[in-house]
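**Student:** Below is the file upload-v8.txt, which contains compact mmCIF, N, CA and C atoms.
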# COMPACT_ATOMS: atom_id res chain seq x y z
N MET A 1 -7.56 19.56 9.74
CA MET A 1 -6.13 19.58 9.97
C MET A 1 -5.63 21.02 9.82
N ASP A 2 -4.70 21.36 10.64
CA ASP A 2 -4.09 22.68 10.61
C ASP A 2 -2.93 22.66 9.62
N HIS A 3 -3.05 23.43 8.55
CA HIS A 3 -2.03 23.43 7.50
C HIS A 3 -0.70 24.04 7.95
N GLN A 4 -0.69 24.69 9.10
CA GLN A 4 0.54 25.29 9.60
C GLN A 4 1.37 24.28 10.40
N LYS A 5 0.74 23.18 10.83
CA LYS A 5 1.44 22.15 11.61
C LYS A 5 1.68 20.93 10.75
N CYS A 6 2.79 20.27 11.03
CA CYS A 6 3.13 19.05 10.29
C CYS A 6 2.11 17.96 10.62
N GLY A 7 1.56 17.36 9.59
CA GLY A 7 0.61 16.27 9.75
C GLY A 7 0.72 15.34 8.56
N ASN A 8 0.00 14.24 8.63
CA ASN A 8 0.10 13.24 7.57
C ASN A 8 -1.26 12.72 7.15
N ILE A 9 -1.41 12.51 5.85
CA ILE A 9 -2.49 11.73 5.29
C ILE A 9 -1.81 10.47 4.78
N VAL A 10 -2.14 9.32 5.33
CA VAL A 10 -1.48 8.07 4.94
C VAL A 10 -2.51 7.17 4.27
N ASN A 11 -2.34 6.96 2.98
CA ASN A 11 -3.22 6.06 2.24
C ASN A 11 -2.59 4.67 2.20
N ILE A 12 -3.40 3.65 2.46
CA ILE A 12 -2.93 2.28 2.35
C ILE A 12 -3.31 1.78 0.97
N ASN A 13 -2.32 1.49 0.18
CA ASN A 13 -2.51 1.07 -1.20
C ASN A 13 -2.14 -0.40 -1.31
N SER A 14 -1.46 -0.78 -2.35
CA SER A 14 -1.05 -2.15 -2.62
C SER A 14 0.05 -2.12 -3.67
N MET A 15 0.86 -3.15 -3.72
CA MET A 15 1.81 -3.27 -4.83
C MET A 15 1.06 -3.33 -6.15
N SER A 16 -0.20 -3.72 -6.11
CA SER A 16 -1.02 -3.74 -7.33
C SER A 16 -1.31 -2.34 -7.85
N GLY A 17 -0.99 -1.32 -7.07
CA GLY A 17 -1.09 0.05 -7.54
C GLY A 17 0.18 0.50 -8.23
N GLN A 18 1.15 -0.41 -8.36
CA GLN A 18 2.44 -0.12 -8.98
C GLN A 18 2.69 -0.95 -10.24
N ARG A 19 1.98 -2.08 -10.35
CA ARG A 19 2.18 -2.98 -11.48
C ARG A 19 0.91 -3.82 -11.67
N VAL A 20 0.79 -4.41 -12.85
CA VAL A 20 -0.36 -5.28 -13.15
C VAL A 20 0.18 -6.69 -13.29
N VAL A 21 -0.31 -7.59 -12.45
CA VAL A 21 0.14 -8.98 -12.53
C VAL A 21 -0.63 -9.70 -13.64
N PRO A 22 -0.04 -10.70 -14.25
CA PRO A 22 -0.69 -11.39 -15.37
C PRO A 22 -1.76 -12.39 -14.90
N THR A 23 -2.72 -11.91 -14.14
CA THR A 23 -3.82 -12.72 -13.66
C THR A 23 -5.12 -12.03 -14.05
N PRO A 24 -5.92 -12.63 -14.92
CA PRO A 24 -7.13 -11.96 -15.41
C PRO A 24 -8.07 -11.46 -14.29
N ASN A 25 -8.15 -12.15 -13.19
CA ASN A 25 -9.06 -11.76 -12.11
C ASN A 25 -8.63 -10.48 -11.40
N SER A 26 -7.39 -10.08 -11.57
CA SER A 26 -6.88 -8.97 -10.75
C SER A 26 -6.78 -7.63 -11.47
N HIS A 27 -7.13 -7.56 -12.73
CA HIS A 27 -6.95 -6.30 -13.46
C HIS A 27 -7.78 -5.16 -12.89
N MET A 28 -9.02 -5.41 -12.53
CA MET A 28 -9.86 -4.35 -11.97
C MET A 28 -9.34 -3.93 -10.59
N TYR A 29 -8.84 -4.88 -9.82
CA TYR A 29 -8.24 -4.55 -8.54
C TYR A 29 -7.06 -3.61 -8.75
N SER A 30 -6.21 -3.94 -9.71
CA SER A 30 -5.06 -3.08 -10.01
C SER A 30 -5.52 -1.70 -10.44
N ALA A 31 -6.58 -1.62 -11.24
CA ALA A 31 -7.08 -0.32 -11.69
C ALA A 31 -7.48 0.56 -10.50
N THR A 32 -8.15 -0.02 -9.51
CA THR A 32 -8.56 0.78 -8.34
C THR A 32 -7.35 1.20 -7.53
N LYS A 33 -6.33 0.36 -7.47
CA LYS A 33 -5.14 0.70 -6.70
C LYS A 33 -4.28 1.74 -7.43
N PHE A 34 -4.26 1.71 -8.75
CA PHE A 34 -3.60 2.77 -9.50
C PHE A 34 -4.29 4.11 -9.22
N ALA A 35 -5.60 4.07 -9.03
CA ALA A 35 -6.34 5.29 -8.69
C ALA A 35 -5.90 5.83 -7.33
N VAL A 36 -5.62 4.97 -6.37
CA VAL A 36 -5.13 5.41 -5.06
C VAL A 36 -3.77 6.09 -5.22
N THR A 37 -2.92 5.54 -6.08
CA THR A 37 -1.62 6.16 -6.36
C THR A 37 -1.81 7.57 -6.90
N ALA A 38 -2.71 7.73 -7.86
CA ALA A 38 -2.97 9.05 -8.44
C ALA A 38 -3.58 10.00 -7.40
N LEU A 39 -4.48 9.50 -6.59
CA LEU A 39 -5.10 10.31 -5.54
C LEU A 39 -4.07 10.81 -4.54
N THR A 40 -3.16 9.94 -4.14
CA THR A 40 -2.13 10.33 -3.18
C THR A 40 -1.22 11.41 -3.78
N GLU A 41 -0.76 11.20 -5.00
CA GLU A 41 0.13 12.18 -5.64
C GLU A 41 -0.61 13.49 -5.91
N GLY A 42 -1.86 13.41 -6.34
CA GLY A 42 -2.64 14.63 -6.57
C GLY A 42 -2.84 15.42 -5.29
N THR A 43 -3.10 14.72 -4.19
CA THR A 43 -3.26 15.37 -2.89
C THR A 43 -1.95 16.03 -2.47
N ARG A 44 -0.84 15.33 -2.66
CA ARG A 44 0.47 15.90 -2.33
C ARG A 44 0.70 17.19 -3.10
N GLN A 45 0.40 17.17 -4.38
CA GLN A 45 0.60 18.37 -5.20
C GLN A 45 -0.30 19.51 -4.74
N GLU A 46 -1.56 19.22 -4.42
CA GLU A 46 -2.48 20.26 -3.94
C GLU A 46 -1.97 20.87 -2.63
N LEU A 47 -1.46 20.04 -1.74
CA LEU A 47 -0.94 20.54 -0.46
C LEU A 47 0.28 21.43 -0.67
N ARG A 48 1.10 21.11 -1.67
CA ARG A 48 2.27 21.95 -1.95
C ARG A 48 1.83 23.32 -2.50
N VAL A 49 0.81 23.34 -3.33
CA VAL A 49 0.33 24.60 -3.93
C VAL A 49 -0.10 25.58 -2.84
N ILE A 50 -0.72 25.07 -1.78
CA ILE A 50 -1.19 25.97 -0.70
C ILE A 50 -0.17 26.10 0.42
N ASN A 51 1.05 25.62 0.19
CA ASN A 51 2.14 25.69 1.18
C ASN A 51 1.76 25.06 2.52
N SER A 52 1.03 23.97 2.45
CA SER A 52 0.62 23.26 3.66
C SER A 52 1.80 22.50 4.24
N SER A 53 1.78 22.31 5.54
CA SER A 53 2.79 21.48 6.21
C SER A 53 2.35 20.02 6.28
N ILE A 54 1.16 19.74 5.77
CA ILE A 54 0.64 18.38 5.77
C ILE A 54 1.28 17.60 4.63
N ARG A 55 1.57 16.33 4.89
CA ARG A 55 2.21 15.47 3.89
C ARG A 55 1.24 14.38 3.47
N ALA A 56 1.29 13.99 2.22
CA ALA A 56 0.50 12.87 1.71
C ALA A 56 1.43 11.70 1.48
N ASN A 57 1.17 10.62 2.17
CA ASN A 57 2.01 9.42 2.10
C ASN A 57 1.18 8.24 1.62
N GLN A 58 1.88 7.23 1.15
CA GLN A 58 1.21 6.02 0.67
C GLN A 58 2.05 4.81 1.05
N ILE A 59 1.38 3.78 1.54
CA ILE A 59 2.03 2.51 1.85
C ILE A 59 1.51 1.50 0.83
N SER A 60 2.42 0.84 0.11
CA SER A 60 2.05 -0.13 -0.92
C SER A 60 2.62 -1.50 -0.56
N PRO A 61 1.88 -2.27 0.24
CA PRO A 61 2.39 -3.59 0.61
C PRO A 61 2.12 -4.65 -0.45
N GLY A 62 2.97 -5.65 -0.44
CA GLY A 62 2.74 -6.85 -1.24
C GLY A 62 1.89 -7.81 -0.41
N TYR A 63 2.29 -9.06 -0.34
CA TYR A 63 1.51 -10.05 0.39
C TYR A 63 1.55 -9.77 1.89
N VAL A 64 0.36 -9.61 2.47
CA VAL A 64 0.22 -9.36 3.90
C VAL A 64 -0.63 -10.48 4.49
N ASP A 65 -0.28 -10.94 5.66
CA ASP A 65 -1.02 -12.01 6.33
C ASP A 65 -2.35 -11.47 6.86
N THR A 66 -3.37 -11.49 5.99
CA THR A 66 -4.74 -11.08 6.35
C THR A 66 -5.71 -12.09 5.74
N ASP A 67 -6.99 -11.87 5.93
CA ASP A 67 -7.99 -12.74 5.32
C ASP A 67 -8.39 -12.29 3.91
N PHE A 68 -7.66 -11.34 3.35
CA PHE A 68 -7.95 -10.83 2.01
C PHE A 68 -8.01 -11.95 0.97
N PHE A 69 -7.10 -12.88 1.04
CA PHE A 69 -7.01 -13.91 0.02
C PHE A 69 -8.23 -14.81 0.00
N GLN A 70 -8.84 -15.04 1.15
CA GLN A 70 -10.05 -15.86 1.20
C GLN A 70 -11.19 -15.16 0.47
N ALA A 71 -11.21 -13.84 0.50
CA ALA A 71 -12.29 -13.09 -0.15
C ALA A 71 -12.03 -12.84 -1.63
N PHE A 72 -10.79 -12.90 -2.06
CA PHE A 72 -10.43 -12.54 -3.44
C PHE A 72 -10.91 -13.57 -4.45
N SER A 73 -10.72 -14.83 -4.15
CA SER A 73 -11.12 -15.90 -5.07
C SER A 73 -11.39 -17.17 -4.27
N MET A 74 -12.44 -17.87 -4.64
CA MET A 74 -12.77 -19.13 -3.97
C MET A 74 -12.21 -20.34 -4.73
N GLU A 75 -11.50 -20.09 -5.81
CA GLU A 75 -10.93 -21.18 -6.60
C GLU A 75 -9.97 -21.99 -5.74
N GLN A 76 -10.12 -23.29 -5.72
CA GLN A 76 -9.34 -24.17 -4.86
C GLN A 76 -7.83 -24.04 -5.08
N GLY A 77 -7.39 -24.02 -6.35
CA GLY A 77 -5.96 -23.89 -6.64
C GLY A 77 -5.39 -22.59 -6.09
N TYR A 78 -6.14 -21.51 -6.24
CA TYR A 78 -5.71 -20.21 -5.71
C TYR A 78 -5.61 -20.26 -4.19
N GLN A 79 -6.61 -20.82 -3.55
CA GLN A 79 -6.62 -20.91 -2.09
C GLN A 79 -5.42 -21.71 -1.57
N GLU A 80 -5.10 -22.80 -2.22
CA GLU A 80 -3.95 -23.61 -1.81
C GLU A 80 -2.65 -22.83 -1.97
N LYS A 81 -2.50 -22.13 -3.08
CA LYS A 81 -1.30 -21.32 -3.32
C LYS A 81 -1.18 -20.23 -2.24
N MET A 82 -2.27 -19.59 -1.92
CA MET A 82 -2.24 -18.49 -0.94
C MET A 82 -1.94 -18.98 0.48
N LYS A 83 -2.34 -20.19 0.80
CA LYS A 83 -1.98 -20.75 2.11
C LYS A 83 -0.46 -20.81 2.27
N GLU A 84 0.23 -21.13 1.20
CA GLU A 84 1.70 -21.15 1.22
C GLU A 84 2.27 -19.74 1.27
N VAL A 85 1.70 -18.83 0.49
CA VAL A 85 2.18 -17.44 0.43
C VAL A 85 2.10 -16.77 1.80
N VAL A 86 0.99 -17.00 2.50
CA VAL A 86 0.76 -16.35 3.80
C VAL A 86 1.82 -16.77 4.83
N LYS A 87 2.41 -17.92 4.67
CA LYS A 87 3.44 -18.38 5.61
C LYS A 87 4.64 -17.44 5.66
N THR A 88 4.92 -16.73 4.57
CA THR A 88 6.07 -15.82 4.53
C THR A 88 5.65 -14.36 4.34
N ALA A 89 4.37 -14.09 4.45
CA ALA A 89 3.85 -12.74 4.20
C ALA A 89 4.28 -11.77 5.30
N ILE A 90 4.28 -10.47 4.95
CA ILE A 90 4.54 -9.46 5.96
C ILE A 90 3.32 -9.36 6.88
N THR A 91 3.48 -8.71 7.99
CA THR A 91 2.42 -8.66 9.00
C THR A 91 1.83 -7.26 9.12
N SER A 92 0.73 -7.18 9.83
CA SER A 92 0.13 -5.86 10.08
C SER A 92 1.09 -4.98 10.88
N GLU A 93 1.91 -5.58 11.72
CA GLU A 93 2.91 -4.81 12.47
C GLU A 93 3.93 -4.16 11.53
N ASP A 94 4.28 -4.86 10.44
CA ASP A 94 5.18 -4.28 9.44
C ASP A 94 4.54 -3.04 8.81
N ILE A 95 3.25 -3.09 8.57
CA ILE A 95 2.53 -1.95 8.00
C ILE A 95 2.55 -0.79 8.99
N VAL A 96 2.29 -1.10 10.26
CA VAL A 96 2.31 -0.05 11.30
C VAL A 96 3.69 0.60 11.35
N ASP A 97 4.74 -0.19 11.28
CA ASP A 97 6.10 0.37 11.30
C ASP A 97 6.32 1.35 10.15
N SER A 98 5.79 1.00 8.97
CA SER A 98 5.98 1.90 7.82
C SER A 98 5.16 3.17 7.97
N ILE A 99 3.98 3.07 8.55
CA ILE A 99 3.18 4.27 8.83
C ILE A 99 3.92 5.17 9.81
N MET A 100 4.50 4.58 10.84
CA MET A 100 5.24 5.36 11.83
C MET A 100 6.45 6.04 11.19
N LEU A 101 7.09 5.39 10.23
CA LEU A 101 8.20 6.01 9.52
C LEU A 101 7.75 7.31 8.85
N CYS A 102 6.58 7.27 8.22
CA CYS A 102 6.03 8.47 7.58
C CYS A 102 5.72 9.55 8.61
N ILE A 103 5.06 9.17 9.68
CA ILE A 103 4.62 10.13 10.70
C ILE A 103 5.80 10.75 11.45
N GLU A 104 6.81 9.93 11.72
CA GLU A 104 7.94 10.40 12.53
C GLU A 104 9.04 11.06 11.70
N ALA A 105 8.89 11.11 10.40
CA ALA A 105 9.90 11.77 9.56
C ALA A 105 9.98 13.25 9.93
N GLN A 106 11.15 13.83 9.75
CA GLN A 106 11.33 15.25 10.02
C GLN A 106 10.36 16.07 9.19
N PRO A 107 9.89 17.21 9.69
CA PRO A 107 8.89 18.01 8.98
C PRO A 107 9.25 18.36 7.53
N GLY A 108 10.51 18.48 7.21
CA GLY A 108 10.91 18.81 5.85
C GLY A 108 11.04 17.61 4.92
N CYS A 109 10.70 16.43 5.42
CA CYS A 109 10.86 15.20 4.64
C CYS A 109 9.49 14.68 4.18
N GLN A 110 9.35 14.51 2.88
CA GLN A 110 8.11 13.99 2.28
C GLN A 110 8.37 12.56 1.83
N ILE A 111 7.78 11.58 2.50
CA ILE A 111 7.87 10.19 2.06
C ILE A 111 6.64 9.94 1.21
N GLY A 112 6.85 9.77 -0.09
CA GLY A 112 5.72 9.65 -1.01
C GLY A 112 5.10 8.27 -1.03
N ASP A 113 5.93 7.24 -1.12
CA ASP A 113 5.40 5.87 -1.25
C ASP A 113 6.40 4.90 -0.65
N ILE A 114 5.91 4.04 0.20
CA ILE A 114 6.72 2.94 0.72
C ILE A 114 6.21 1.68 0.06
N GLN A 115 7.04 1.08 -0.78
CA GLN A 115 6.71 -0.19 -1.41
C GLN A 115 7.39 -1.28 -0.60
N MET A 116 6.60 -2.17 -0.06
CA MET A 116 7.15 -3.21 0.80
C MET A 116 6.53 -4.56 0.46
N ARG A 117 7.36 -5.58 0.52
CA ARG A 117 6.88 -6.94 0.26
C ARG A 117 7.75 -7.91 1.02
N PRO A 118 7.27 -9.12 1.21
CA PRO A 118 8.12 -10.13 1.84
C PRO A 118 9.38 -10.33 0.99
N THR A 119 10.47 -10.67 1.63
CA THR A 119 11.71 -10.85 0.89
C THR A 119 11.62 -11.96 -0.15
N VAL A 120 10.72 -12.93 0.04
CA VAL A 120 10.59 -14.04 -0.90
C VAL A 120 9.63 -13.74 -2.06
N GLN A 121 8.89 -12.63 -1.99
CA GLN A 121 7.91 -12.33 -3.04
C GLN A 121 8.61 -11.90 -4.31
N LYS A 122 8.24 -12.50 -5.44
CA LYS A 122 8.92 -12.25 -6.71
C LYS A 122 8.36 -11.04 -7.45
N LEU A 123 7.06 -10.87 -7.52
CA LEU A 123 6.46 -9.75 -8.27
C LEU A 123 6.21 -8.57 -7.36
Rewrite the coordinates I just gave you, this time as structure tokens.

**Tutor:**
Amino acid sequence: MDHQKCGNIVNINSMSGQRVVPTPNSHMYSATKFAVTALTEGTRQELRVINSSIRANQISPGYVDTDFFQAFSMEQGYQEKMKEVVKTAITSEDIVDSIMLCIEAQPGCQIGDIQMRPTVQKL
């Protein structure tokens, strides 16, 4: 990347990189996502030190309609709950829109983190 031209590094994180939910199975997942938050901010700071025009952005979605939930836990109760959650989840198109917001921002604008979730999501 050319540090003289405006560009973007966009990391896809999770709302789990912002908070820890009270579910024992998810603590390690949250730990890895907190690391993405630190990596994004550390990269942003490094780019500022060298006066780069490149921006470090992060998208932190909540529930997204993907097959992630099938891979996270095979527990029947969890699977049933997630079938309901996915009905109101945000979509991959919503994620694309947020990435475009970062990319299309004016060169002097640094969007650090977009936290997004379905309007019905409580945590």

**Student:** Please extract the residues of chain A with a backbone DSSP assignment of strand (DSSP E or B) and present them as a count of residues only.

**Tutor:** 19

**Student:** Which neighbours of Gln58 of chain A fall inside 6 Å, counting all atoms listed in the file, when residues of the same chain fewer than 6 positions from it are skipped, and could you give them as a list in words?

**Tutor:**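 The contact residues come out as Val10, Asn11, Ile12, Asn13, Ile111, Gly112, Asp113 and Ile114 of chain A.
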
**Student:** Which of chain A end up as alpha helix (DSSP H) when DSSP is run on this backbone - answer as a VMD selection string?

**Tutor:** chain A and resid 27 to 49 68 to 72 76 to 86 92 to 104

**Student:** Return the single residue from A:Asn8, A:Gln106, A:Ser73, A:Thr119 that is closest to Ile90 of chain A, with distances computed using only N, CA and C atoms.

**Tutor:**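 Looking only at the distances to Ile90 of chain A, the closest residue turns out to be A:Thr119.
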
**Student:** Measuring between all atoms listed in the file, which one of A:Gln18, A:Thr32, A:Gln110, A:Gln76 shows the shortest distance to Asn57 of chain A?

**Tutor:** A:Gln110

**Student:** Is there a way to get, as a ChimeraX atom specification, all residues within 12 Å of the point (0.8, -0.4, 2.5) in file coordinates, counting only C-alpha atoms?

**Tutor:** /A:10-18,33,36-37,57-64,90-100,102,112-117

**Student:** For a test of reading the model, state the distance in Å between atom CA of Gln121 of chain A and atom CA of Lys83 of chain A, rounded to one decimal.

**Tutor:**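 The value is 14.0 Å.
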
**Student:** Please compute the atom CA of Gly7 of chain A-atom CA of Ala35 of chain A distance, one decimal, in Å.

**Tutor:**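 About the pair atom CA of Gly7 of chain A and atom CA of Ala35 of chain A: they are 22.6 Å apart.
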
**Student:** Grab the atom CA of Lys81 of chain A to atom CA of His27 of chain A distance for me, in Å with one decimal place.

**Tutor:**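 Between these atoms lies a distance of 19.0 Å.
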
**Student:** Residues within 7 Å of His3 of chain A, please, as a PyMOL selection string. Count all atoms listed in the file; anything in the same chain fewer than 5 positions from it doesn't count.

**Tutor:** chain A and resi 51-54

**Student:** Those same residues, written as a CSV table (one decimal), in the frame of the given file with N, CA and C atoms?

**Tutor:**
chain,number,residue,atom,x,y,z
A,51,ASN,N,1.0,25.6,0.2
A,51,ASN,CA,2.1,25.7,1.2
A,51,ASN,C,1.8,25.1,2.5
A,52,SER,N,1.0,24.0,2.4
A,52,SER,CA,0.6,23.3,3.7
A,52,SER,C,1.8,22.5,4.2
A,53,SER,N,1.8,22.3,5.5
A,53,SER,CA,2.8,21.5,6.2
A,53,SER,C,2.4,20.0,6.3
A,54,ILE,N,1.2,19.7,5.8
A,54,ILE,CA,0.6,18.4,5.8
A,54,ILE,C,1.3,17.6,4.6
